[in-house]
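What follows is my_file_8.cif (mmCIF, C-alpha atoms).
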```
data_start
#
loop_
_atom_site.label_atom_id
_atom_site.label_comp_id
_atom_site.auth_asym_id
_atom_site.auth_seq_id
_atom_site.Cartn_x
_atom_site.Cartn_y
_atom_site.Cartn_z
CA MET A 17 -8.34 -14.82 -9.27
CA LYS A 18 -11.17 -13.09 -7.43
CA ASN A 19 -8.69 -10.61 -5.90
CA VAL A 20 -7.21 -9.84 -9.32
CA PHE A 21 -10.68 -9.09 -10.72
CA ILE A 22 -11.53 -6.84 -7.79
CA PHE A 23 -8.17 -5.07 -8.12
CA LEU A 24 -8.88 -4.40 -11.80
CA VAL A 25 -12.37 -3.09 -11.00
CA VAL A 26 -10.97 -0.76 -8.31
CA LEU A 27 -8.18 0.33 -10.64
CA GLY A 28 -10.74 1.01 -13.38
CA PHE A 29 -12.86 3.04 -10.97
CA SER A 30 -9.80 4.99 -9.87
CA GLN A 31 -8.97 5.88 -13.45
CA PHE A 32 -12.38 7.43 -14.06
CA SER A 33 -12.95 9.05 -10.68
CA PHE A 34 -10.20 11.68 -10.94
CA ALA A 35 -10.19 14.07 -13.85
CA LYS A 36 -6.46 14.77 -13.85
CA LEU A 37 -5.13 12.09 -11.54
CA LYS A 38 -3.96 9.01 -13.40
CA PRO A 39 -2.63 5.70 -12.07
CA PHE A 40 1.12 5.66 -12.35
CA ASN A 41 3.10 2.74 -13.72
CA PHE A 42 4.97 1.48 -10.72
CA PRO A 43 8.48 0.05 -10.82
CA SER A 44 8.81 -3.44 -12.30
CA SER A 45 10.19 -4.75 -9.01
CA LEU A 46 6.85 -3.88 -7.42
CA GLY A 47 5.07 -5.83 -10.14
CA SER A 48 7.19 -8.85 -9.29
CA LEU A 49 6.51 -8.36 -5.59
CA ARG A 50 2.76 -8.07 -6.24
CA ASN A 51 2.80 -11.40 -8.11
CA GLU A 52 4.77 -13.06 -5.34
CA CYS A 53 2.42 -11.61 -2.73
CA LEU A 54 -0.63 -13.01 -4.50
CA HIS A 55 0.92 -16.47 -4.23
CA ILE A 56 1.98 -16.00 -0.57
CA GLU A 57 -1.42 -14.60 0.43
CA GLU A 58 -3.13 -17.65 -1.07
CA GLN A 59 -0.94 -19.93 1.03
CA TYR A 60 -1.17 -17.84 4.21
CA PRO A 61 -4.67 -16.38 4.64
CA GLU A 62 -3.77 -14.56 7.88
CA PHE A 63 -0.99 -12.59 6.15
CA ALA A 64 -1.20 -9.59 3.83
CA CYS A 65 1.47 -7.75 1.89
CA LEU A 66 1.57 -3.99 1.58
CA LYS A 67 -0.72 -2.46 -1.02
CA PHE A 68 0.91 0.22 -3.18
CA GLU A 69 -1.08 2.65 -5.33
CA PHE A 70 0.61 5.31 -7.45
CA TYR A 71 -1.13 8.32 -8.97
CA GLN A 72 0.32 10.83 -11.41
CA SER A 73 -0.95 14.38 -11.20
CA SER A 74 0.44 17.68 -12.46
CA PRO A 75 2.00 20.59 -10.55
CA ASP A 76 -1.11 22.70 -11.10
CA ALA A 77 -3.59 20.01 -10.05
CA LEU A 78 -1.64 18.23 -7.28
CA GLN A 79 -3.50 19.81 -4.34
CA ALA A 80 -6.92 19.43 -5.99
CA ASP A 81 -6.19 15.80 -6.90
CA PHE A 82 -4.96 15.10 -3.37
CA ASP A 83 -8.15 16.62 -1.92
CA GLU A 84 -10.32 14.61 -4.30
CA LEU A 85 -8.47 11.38 -3.44
CA ILE A 86 -9.11 12.04 0.26
CA ASP A 87 -12.79 12.88 -0.27
CA THR A 88 -13.44 9.91 -2.52
CA ASN A 89 -11.91 7.45 -0.06
CA ASP A 90 -13.25 9.06 3.13
CA TYR A 91 -9.78 9.32 4.65
CA ASN A 92 -9.51 10.74 8.15
CA LEU A 93 -5.91 11.89 7.90
CA ARG A 94 -3.44 13.31 10.33
CA THR A 95 0.12 14.35 9.57
CA SER A 96 2.79 11.70 9.84
CA ASN A 97 6.39 11.06 8.86
CA TRP A 98 8.62 8.43 7.28
CA SER A 99 9.64 6.91 10.60
CA GLU A 100 6.05 6.39 11.71
CA LEU A 101 5.17 4.92 8.32
CA MET A 102 7.94 2.33 8.57
CA THR A 103 7.25 1.49 12.21
CA MET A 104 3.49 1.09 11.87
CA LEU A 105 3.55 -0.89 8.62
CA MET A 106 6.33 -3.26 9.70
CA THR A 107 4.73 -3.80 13.13
CA SER A 108 1.42 -4.58 11.45
CA MET A 109 3.09 -7.16 9.22
CA ASP A 110 4.96 -8.68 12.19
CA ALA A 111 1.68 -9.12 14.08
CA GLN A 112 0.35 -11.21 11.20
CA ILE A 113 3.56 -13.22 10.75
CA TYR A 114 3.79 -14.34 14.36
CA ARG A 115 0.30 -15.83 14.31
CA TYR A 116 1.94 -18.76 12.58
CA GLN A 117 3.69 -21.41 14.64
CA ASN A 118 5.74 -23.30 12.07
CA PRO A 119 9.31 -21.89 11.84
CA ARG A 120 9.37 -22.54 8.07
CA ASP A 121 6.18 -20.50 7.59
CA ILE A 122 7.58 -17.68 9.72
CA GLU A 123 10.80 -17.70 7.67
CA ILE A 124 8.89 -17.45 4.38
CA LEU A 125 6.74 -14.60 5.68
CA LEU A 126 9.73 -12.73 7.13
CA ARG A 127 11.41 -12.89 3.71
CA THR A 128 8.25 -11.54 2.10
CA LYS A 129 8.08 -8.76 4.70
CA ALA A 130 11.73 -7.89 3.98
CA LYS A 131 10.94 -7.56 0.26
CA ASN A 132 8.01 -5.23 1.09
CA GLN A 133 10.30 -3.21 3.34
CA TRP A 134 12.95 -3.00 0.63
CA GLU A 135 10.41 -1.63 -1.83
CA LEU A 136 9.38 1.00 0.71
CA LEU A 137 12.99 2.06 1.11
CA ARG A 138 13.42 2.28 -2.67
CA LEU A 139 10.38 4.57 -2.86
CA LYS A 140 11.52 6.89 -0.07
CA ASP A 141 13.56 9.21 -2.29
CA GLY A 142 11.58 12.34 -3.08
CA LEU A 143 8.63 11.57 -0.84
CA ARG A 144 7.55 14.41 1.41
CA ASP A 145 4.41 15.40 3.26
CA PHE A 146 3.19 12.20 4.88
CA TRP A 147 -0.31 11.58 6.22
CA VAL A 148 -1.85 8.55 7.91
CA ASP A 149 -5.34 7.20 8.47
CA PRO A 150 -4.98 4.37 11.01
CA HIS A 151 -8.50 3.02 10.39
CA THR A 152 -9.33 2.75 6.72
CA TYR A 153 -11.25 0.13 4.82
CA TRP A 154 -9.48 -1.40 1.84
CA TYR A 155 -10.76 -4.53 0.19
CA PRO A 156 -9.87 -7.26 1.13
CA SER A 157 -9.06 -5.66 4.49
CA VAL A 158 -11.59 -5.09 7.20
CA ASP A 159 -9.33 -2.77 9.18
CA ALA A 160 -6.32 -1.24 7.52
CA ILE A 161 -3.84 1.54 7.97
CA SER A 162 -3.15 3.82 5.02
CA PHE A 163 -0.34 6.28 4.47
CA ILE A 164 -0.31 8.90 1.76
CA ALA A 165 2.90 10.53 0.60
CA ILE A 166 3.51 13.15 -2.06
CA ASN A 167 6.48 13.65 -4.33
CA LYS A 168 6.12 17.30 -5.32
CA LYS A 169 9.00 17.18 -7.80
CA THR A 170 7.25 14.55 -9.92
CA SER A 171 3.64 15.44 -8.91
CA GLN A 172 3.02 11.89 -7.75
CA ILE A 173 0.81 10.68 -4.93
CA LEU A 174 1.55 7.33 -3.32
CA VAL A 175 -0.91 5.43 -1.12
CA ILE A 176 0.54 2.58 0.95
CA SER A 177 -1.85 0.38 2.93
CA HIS A 178 -1.72 -2.71 5.10
CA GLY A 179 -4.44 -4.46 7.02
CA GLU A 180 -6.30 -7.52 8.13
CA ARG A 181 -7.67 -9.73 5.40
CA ASN A 182 -11.22 -11.06 5.36
#
```
Before we go any further, please render this structure as structure tokens.
Amino acid sequence: MKNVFIFLVVLGFSQFSFAKLKPFNFPSSLGSLRNECLHIEEQYPEFACLKFEFYQSSPDALQADFDELIDTNDYNLRTSNWSELMTMLMTSMDAQIYRYQNPRDIEILLRTKAKNQWELLRLKDGLRDFWVDPHTYWYPSVDAISFIAINKKTSQILVISHGERN
């Protein structure tokens, strides 16, 4: 419940911090995954699902909104690509999964990872211009990796993060 409250506070802050950039309603399958992940993360405190944030901009404001998003979150970005995104995020999740010893726990977490990976693959279409910050801070993560991707056709910005939980 605490995480839900903090998510809503962060979401509320995000809505007011960007003049033209608005949170985007993500696909319903991601909503289902988010609910499942909340349950899994309660059961497995050493494991974290991917964090997806969608922002809707406009063609005229896309670059300004992107710059403001970077400045507001103190990103230290370098260019990246889809392959690096998949490799780094899935490797990060694997490192958390294999901390567990029980085969049943590992099986549950591998299924959850596969669902996160599937959602990434569904989002791939239209994404271009990838950037990564390998050392970001995202609550409840102490050390996280964040990728930013832009869909210029729809003027959407997607932030995908994964990290260690407190």
Within 12 Å of Glu62 of chain A using all atoms listed in the file, minus same-chain residues under 5 positions, as a list in words: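 The residues satisfying every condition are Ile56, Glu57, Ser108, Met109, Asp110, Ala111, Gln112, Ile113, Tyr114, Arg115, Tyr116, Asp121, Ile122, Leu125, Pro156, Ser157, Gly179, Glu180, Arg181 and Asn182 of chain A.
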Result set of the PyMOL selection byres ((chain A and resi 175) around 8) on the coordinates above, as a list in words: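 Output of the PyMOL selection byres ((chain A and resi 175) around 8): Lys67, Phe68, Glu69, Phe70, Ser162, Phe163, Ile164, Ala165, Ile173, Leu174, Ile176 and Ser177 of chain A.
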Hits of the PyMOL selection byres ((chain A and resi 75) around 12) in this structure, as a ChimeraX atom specification: /A:36-37,72-74,76-82,166-173
Emit the selected residues as a PDB file, in the frame of the given file, including C-alpha atoms.
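As a result, result-v1.pdb now contains:
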```pdb
ATOM      1  CA  LYS A  36      -6.460  14.770 -13.850  1.00  0.00           C
ATOM      2  CA  LEU A  37      -5.130  12.090 -11.540  1.00  0.00           C
ATOM      3  CA  GLN A  72       0.320  10.830 -11.410  1.00  0.00           C
ATOM      4  CA  SER A  73      -0.950  14.380 -11.200  1.00  0.00           C
ATOM      5  CA  SER A  74       0.440  17.680 -12.460  1.00  0.00           C
ATOM      6  CA  ASP A  76      -1.110  22.700 -11.100  1.00  0.00           C
ATOM      7  CA  ALA A  77      -3.590  20.010 -10.050  1.00  0.00           C
ATOM      8  CA  LEU A  78      -1.640  18.230  -7.280  1.00  0.00           C
ATOM      9  CA  GLN A  79      -3.500  19.810  -4.340  1.00  0.00           C
ATOM     10  CA  ALA A  80      -6.920  19.430  -5.990  1.00  0.00           C
ATOM     11  CA  ASP A  81      -6.190  15.800  -6.900  1.00  0.00           C
ATOM     12  CA  PHE A  82      -4.960  15.100  -3.370  1.00  0.00           C
ATOM     13  CA  ILE A 166       3.510  13.150  -2.060  1.00  0.00           C
ATOM     14  CA  ASN A 167       6.480  13.650  -4.330  1.00  0.00           C
ATOM     15  CA  LYS A 168       6.120  17.300  -5.320  1.00  0.00           C
ATOM     16  CA  LYS A 169       9.000  17.180  -7.800  1.00  0.00           C
ATOM     17  CA  THR A 170       7.250  14.550  -9.920  1.00  0.00           C
ATOM     18  CA  SER A 171       3.640  15.440  -8.910  1.00  0.00           C
ATOM     19  CA  GLN A 172       3.020  11.890  -7.750  1.00  0.00           C
ATOM     20  CA  ILE A 173       0.810  10.680  -4.930  1.00  0.00           C
TER      21      ILE A 173
END
```
What are the closest atom pairs, with distances in Å to one decimal, for each residue of segment 81-172 of chain A lying within 12 Å of segment 41-52 of chain A, using only C-alpha atoms, rows by chain and rising residue number, as a tab-separated table?
```
residue	atom	partner	partner_atom	distance
A:Ile124	CA	A:Glu52	CA	11.4
A:Leu125	CA	A:Glu52	CA	11.3
A:Arg127	CA	A:Glu52	CA	11.2
A:Thr128	CA	A:Glu52	CA	8.4
A:Lys129	CA	A:Leu49	CA	10.4
A:Ala130	CA	A:Leu49	CA	10.9
A:Lys131	CA	A:Leu49	CA	7.4
A:Asn132	CA	A:Leu49	CA	7.5
A:Gln133	CA	A:Leu49	CA	11.0
A:Trp134	CA	A:Leu46	CA	10.1
A:Glu135	CA	A:Leu46	CA	7.0
A:Leu136	CA	A:Leu46	CA	9.8
A:Arg138	CA	A:Pro43	CA	9.8
A:Leu139	CA	A:Pro43	CA	9.3
A:Gln172	CA	A:Asn41	CA	10.9
```
Point-to-point distance in Å for atom CA of Ile86 of chain A and atom CA of Val148 of chain A: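 Between atom CA of Val148 of chain A and atom CA of Ile86 of chain A the gap works out to 11.1 Å.
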Nearest to Leu101 of chain A by atom-to-atom distance, counting all atoms listed in the file, from A:Leu126, A:Leu85, A:Leu54, A:Leu143: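 Looking at the shortest contact to Leu101 of chain A, the residue is A:Leu143.
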Gap from atom CA of Pro61 of chain A to atom CA of Asp90 of chain A - Å, one decimal: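 Here the two named atoms are 26.9 Å from each other.
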For atom CA of Asp159 of chain A and atom CA of Gln59 of chain A, the interatomic separation in Å (one decimal):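 A separation of 20.8 Å between them.
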